[in-house]
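Structure file work.txt with compact mmCIF, N, CA and C atoms:
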# COMPACT_ATOMS: atom_id res chain seq x y z
N MET A 886 8.99 34.33 17.21
CA MET A 886 8.23 33.42 16.38
C MET A 886 8.65 33.51 14.93
N LYS A 887 8.91 34.71 14.45
CA LYS A 887 9.24 34.88 13.04
C LYS A 887 10.50 34.13 12.63
N PRO A 888 11.59 34.17 13.43
CA PRO A 888 12.78 33.41 13.01
C PRO A 888 12.51 31.91 12.94
N ILE A 889 11.72 31.40 13.86
CA ILE A 889 11.43 29.96 13.86
C ILE A 889 10.61 29.62 12.63
N ALA A 890 9.57 30.42 12.36
CA ALA A 890 8.71 30.15 11.21
C ALA A 890 9.50 30.25 9.90
N ALA A 891 10.36 31.25 9.80
CA ALA A 891 11.17 31.42 8.59
C ALA A 891 12.08 30.22 8.38
N PHE A 892 12.70 29.75 9.46
CA PHE A 892 13.59 28.60 9.36
C PHE A 892 12.83 27.35 8.92
N LEU A 893 11.65 27.15 9.51
CA LEU A 893 10.86 25.97 9.17
C LEU A 893 10.37 26.02 7.73
N LEU A 894 9.99 27.20 7.26
CA LEU A 894 9.58 27.33 5.87
C LEU A 894 10.74 27.05 4.93
N LEU A 895 11.92 27.53 5.30
CA LEU A 895 13.12 27.28 4.50
C LEU A 895 13.43 25.79 4.46
N ALA A 896 13.31 25.14 5.60
CA ALA A 896 13.58 23.70 5.67
C ALA A 896 12.58 22.92 4.81
N ALA A 897 11.32 23.32 4.88
CA ALA A 897 10.29 22.63 4.09
C ALA A 897 10.54 22.84 2.59
N ALA A 898 10.96 24.04 2.21
CA ALA A 898 11.24 24.32 0.80
C ALA A 898 12.43 23.50 0.31
N SER A 899 13.44 23.36 1.16
CA SER A 899 14.62 22.59 0.73
C SER A 899 14.26 21.12 0.53
N VAL A 900 13.37 20.58 1.36
CA VAL A 900 12.93 19.20 1.21
C VAL A 900 12.13 19.06 -0.08
N ALA A 901 11.29 20.05 -0.36
CA ALA A 901 10.41 19.98 -1.53
C ALA A 901 11.19 20.07 -2.84
N TRP A 902 12.26 20.84 -2.87
CA TRP A 902 12.98 21.07 -4.13
C TRP A 902 14.08 20.06 -4.41
N SER A 903 14.45 19.27 -3.42
CA SER A 903 15.51 18.30 -3.67
C SER A 903 14.94 17.09 -4.41
N THR A 904 15.53 16.78 -5.57
CA THR A 904 15.10 15.61 -6.33
C THR A 904 16.26 14.65 -6.46
N PRO A 905 16.00 13.37 -6.31
CA PRO A 905 17.09 12.40 -6.43
C PRO A 905 17.62 12.34 -7.86
N ALA A 906 18.90 12.03 -7.97
CA ALA A 906 19.55 12.00 -9.27
C ALA A 906 18.95 10.91 -10.16
N HIS A 907 18.55 9.80 -9.58
CA HIS A 907 18.02 8.71 -10.40
C HIS A 907 16.66 9.06 -10.99
N ALA A 908 15.99 10.10 -10.48
CA ALA A 908 14.69 10.49 -11.02
C ALA A 908 14.84 11.30 -12.31
N GLN A 909 16.06 11.67 -12.66
CA GLN A 909 16.29 12.52 -13.82
C GLN A 909 16.75 11.72 -15.05
N ARG A 910 16.82 10.42 -14.94
CA ARG A 910 17.23 9.58 -16.08
C ARG A 910 16.17 9.59 -17.17
N GLU A 911 16.60 9.31 -18.37
CA GLU A 911 15.67 9.26 -19.50
C GLU A 911 15.62 7.86 -20.09
N ASN A 912 14.85 7.71 -21.19
CA ASN A 912 14.72 6.45 -21.93
C ASN A 912 14.20 5.31 -21.04
N ARG A 913 13.02 5.48 -20.52
CA ARG A 913 12.43 4.45 -19.67
C ARG A 913 11.13 3.95 -20.29
N SER A 914 10.71 2.82 -19.82
CA SER A 914 9.41 2.31 -20.27
C SER A 914 8.30 3.05 -19.51
N ILE A 915 7.10 2.96 -20.03
CA ILE A 915 5.97 3.69 -19.43
C ILE A 915 5.70 3.21 -18.01
N GLY A 916 5.70 1.94 -17.79
CA GLY A 916 5.45 1.38 -16.45
C GLY A 916 6.48 1.83 -15.43
N GLU A 917 7.72 1.90 -15.86
CA GLU A 917 8.80 2.29 -14.96
C GLU A 917 8.63 3.75 -14.53
N ASN A 918 8.23 4.61 -15.48
CA ASN A 918 8.01 6.01 -15.14
C ASN A 918 6.88 6.15 -14.12
N GLY A 919 5.81 5.41 -14.33
CA GLY A 919 4.66 5.47 -13.41
C GLY A 919 5.03 4.99 -12.03
N ARG A 920 5.79 3.92 -11.98
CA ARG A 920 6.22 3.36 -10.70
C ARG A 920 7.08 4.37 -9.95
N GLU A 921 8.03 4.94 -10.69
CA GLU A 921 8.92 5.91 -10.05
C GLU A 921 8.17 7.17 -9.62
N ALA A 922 7.18 7.57 -10.41
CA ALA A 922 6.38 8.74 -10.05
C ALA A 922 5.61 8.49 -8.75
N ARG A 923 5.05 7.30 -8.62
CA ARG A 923 4.33 6.96 -7.38
C ARG A 923 5.29 6.93 -6.19
N LYS A 924 6.46 6.37 -6.41
CA LYS A 924 7.45 6.29 -5.34
C LYS A 924 7.91 7.69 -4.92
N ALA A 925 8.17 8.55 -5.90
CA ALA A 925 8.60 9.92 -5.61
C ALA A 925 7.49 10.68 -4.89
N SER A 926 6.25 10.46 -5.33
CA SER A 926 5.11 11.11 -4.69
C SER A 926 4.99 10.68 -3.23
N LYS A 927 5.16 9.40 -3.00
CA LYS A 927 5.07 8.88 -1.64
C LYS A 927 6.19 9.46 -0.76
N GLN A 928 7.39 9.52 -1.31
CA GLN A 928 8.51 10.09 -0.55
C GLN A 928 8.27 11.56 -0.23
N TYR A 929 7.72 12.29 -1.21
CA TYR A 929 7.43 13.71 -1.00
C TYR A 929 6.37 13.89 0.07
N GLN A 930 5.33 13.07 0.01
CA GLN A 930 4.27 13.15 1.03
C GLN A 930 4.82 12.85 2.41
N LYS A 931 5.68 11.86 2.49
CA LYS A 931 6.27 11.47 3.77
C LYS A 931 7.13 12.61 4.33
N ALA A 932 7.95 13.22 3.47
CA ALA A 932 8.81 14.33 3.89
C ALA A 932 7.97 15.54 4.30
N SER A 933 6.91 15.80 3.55
CA SER A 933 6.03 16.93 3.86
C SER A 933 5.35 16.72 5.21
N LYS A 934 4.88 15.50 5.43
CA LYS A 934 4.20 15.18 6.68
C LYS A 934 5.16 15.33 7.86
N LYS A 935 6.38 14.86 7.66
CA LYS A 935 7.38 14.95 8.72
C LYS A 935 7.72 16.41 9.04
N ALA A 936 7.87 17.23 7.98
CA ALA A 936 8.17 18.65 8.18
C ALA A 936 7.01 19.37 8.87
N ALA A 937 5.79 19.03 8.49
CA ALA A 937 4.61 19.64 9.11
C ALA A 937 4.52 19.26 10.59
N LYS A 938 4.80 18.01 10.88
CA LYS A 938 4.76 17.54 12.26
C LYS A 938 5.81 18.25 13.10
N LYS A 939 6.99 18.42 12.53
CA LYS A 939 8.08 19.10 13.22
C LYS A 939 7.71 20.57 13.47
N GLN A 940 7.09 21.20 12.47
CA GLN A 940 6.68 22.59 12.61
C GLN A 940 5.61 22.73 13.69
N GLN A 941 4.65 21.81 13.73
CA GLN A 941 3.61 21.85 14.76
C GLN A 941 4.23 21.73 16.15
N LYS A 942 5.20 20.84 16.26
CA LYS A 942 5.87 20.63 17.55
C LYS A 942 6.61 21.90 17.99
N GLN A 943 7.30 22.54 17.06
CA GLN A 943 8.02 23.78 17.37
C GLN A 943 7.06 24.89 17.76
N MET A 944 5.94 25.01 17.05
CA MET A 944 4.95 26.04 17.37
C MET A 944 4.35 25.81 18.76
N LYS A 945 4.07 24.57 19.08
CA LYS A 945 3.52 24.23 20.39
C LYS A 945 4.53 24.58 21.49
N LYS A 946 5.79 24.29 21.25
CA LYS A 946 6.86 24.60 22.20
C LYS A 946 6.98 26.12 22.38
N TYR A 947 6.90 26.85 21.28
CA TYR A 947 6.99 28.31 21.32
C TYR A 947 5.81 28.90 22.09
N GLN A 948 4.60 28.41 21.81
CA GLN A 948 3.42 28.91 22.50
C GLN A 948 3.48 28.64 23.99
N LYS A 949 3.99 27.48 24.36
CA LYS A 949 4.13 27.14 25.78
C LYS A 949 5.11 28.09 26.45
N ALA A 950 6.21 28.40 25.78
CA ALA A 950 7.20 29.33 26.32
C ALA A 950 6.59 30.73 26.49
N GLN A 951 5.77 31.13 25.52
CA GLN A 951 5.11 32.45 25.60
C GLN A 951 4.16 32.51 26.79
N ARG A 952 3.38 31.45 26.99
CA ARG A 952 2.45 31.41 28.13
C ARG A 952 3.22 31.46 29.44
N LYS A 953 4.32 30.72 29.49
CA LYS A 953 5.13 30.68 30.71
C LYS A 953 5.74 32.05 31.00
N ALA A 954 6.22 32.72 29.96
CA ALA A 954 6.81 34.06 30.12
C ALA A 954 5.75 35.06 30.58
N ALA A 955 4.56 34.97 30.02
CA ALA A 955 3.47 35.87 30.41
C ALA A 955 3.08 35.65 31.86
N LYS A 956 3.06 34.39 32.26
CA LYS A 956 2.71 34.05 33.63
C LYS A 956 3.75 34.61 34.60
N ARG A 957 5.04 34.47 34.23
CA ARG A 957 6.12 35.00 35.05
C ARG A 957 6.04 36.51 35.17
N GLN A 958 5.74 37.16 34.06
CA GLN A 958 5.66 38.61 34.03
C GLN A 958 4.47 39.09 34.87
N LYS A 959 3.39 38.35 34.84
CA LYS A 959 2.19 38.70 35.60
C LYS A 959 2.46 38.65 37.09
N ARG A 960 3.26 37.68 37.51
CA ARG A 960 3.61 37.56 38.93
C ARG A 960 4.57 38.65 39.40
N GLY A 961 5.29 39.23 38.45
CA GLY A 961 6.23 40.30 38.80
C GLY A 961 7.65 39.83 39.03
N HIS A 962 8.00 38.68 38.50
CA HIS A 962 9.37 38.15 38.67
C HIS A 962 10.22 38.46 37.46

Structure rendered as structure tokens:
Amino acid sequence: MKPIAAFLLLAAASVAWSTPAHAQRENRSIGENGREARKASKQYQKASKKAAKKQQKQMKKYQKAQRKAAKRQKRGH
């Protein structure tokens, strides 16, 4: 479980820290900054949601494998 969790946390961190190059430009109007901030926020939320969903799916898969292994071990195979 630990390697999977560590990998997923690393993947989530890499998504969170990556910023597009166009977001670093200067000399913009106030409205443009606000628009871009909303767009960046939406993209971040979407990426976070996708990473969380992927992590939930992996955890569910891992738990199922653990239950299956325990069941096999209980039978003596």

To one decimal in Å, tell me the separation between atom CA of Lys934 of chain A and atom C of Arg952 of chain A.
->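 For atom CA of Lys934 of chain A relative to atom C of Arg952 of chain A, the distance reads 28.0 Å.
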
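Between atom N of Lys927 of chain A and atom C of Gln941 of chain A lies a distance of 22.8 Å.
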
Just how far from atom C of Ser933 of chain A is atom N of Lys945 of chain A, in Å to one decimal?
->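 Calculated distance between atom N of Lys945 of chain A and atom C of Ser933 of chain A is 16.0 Å.
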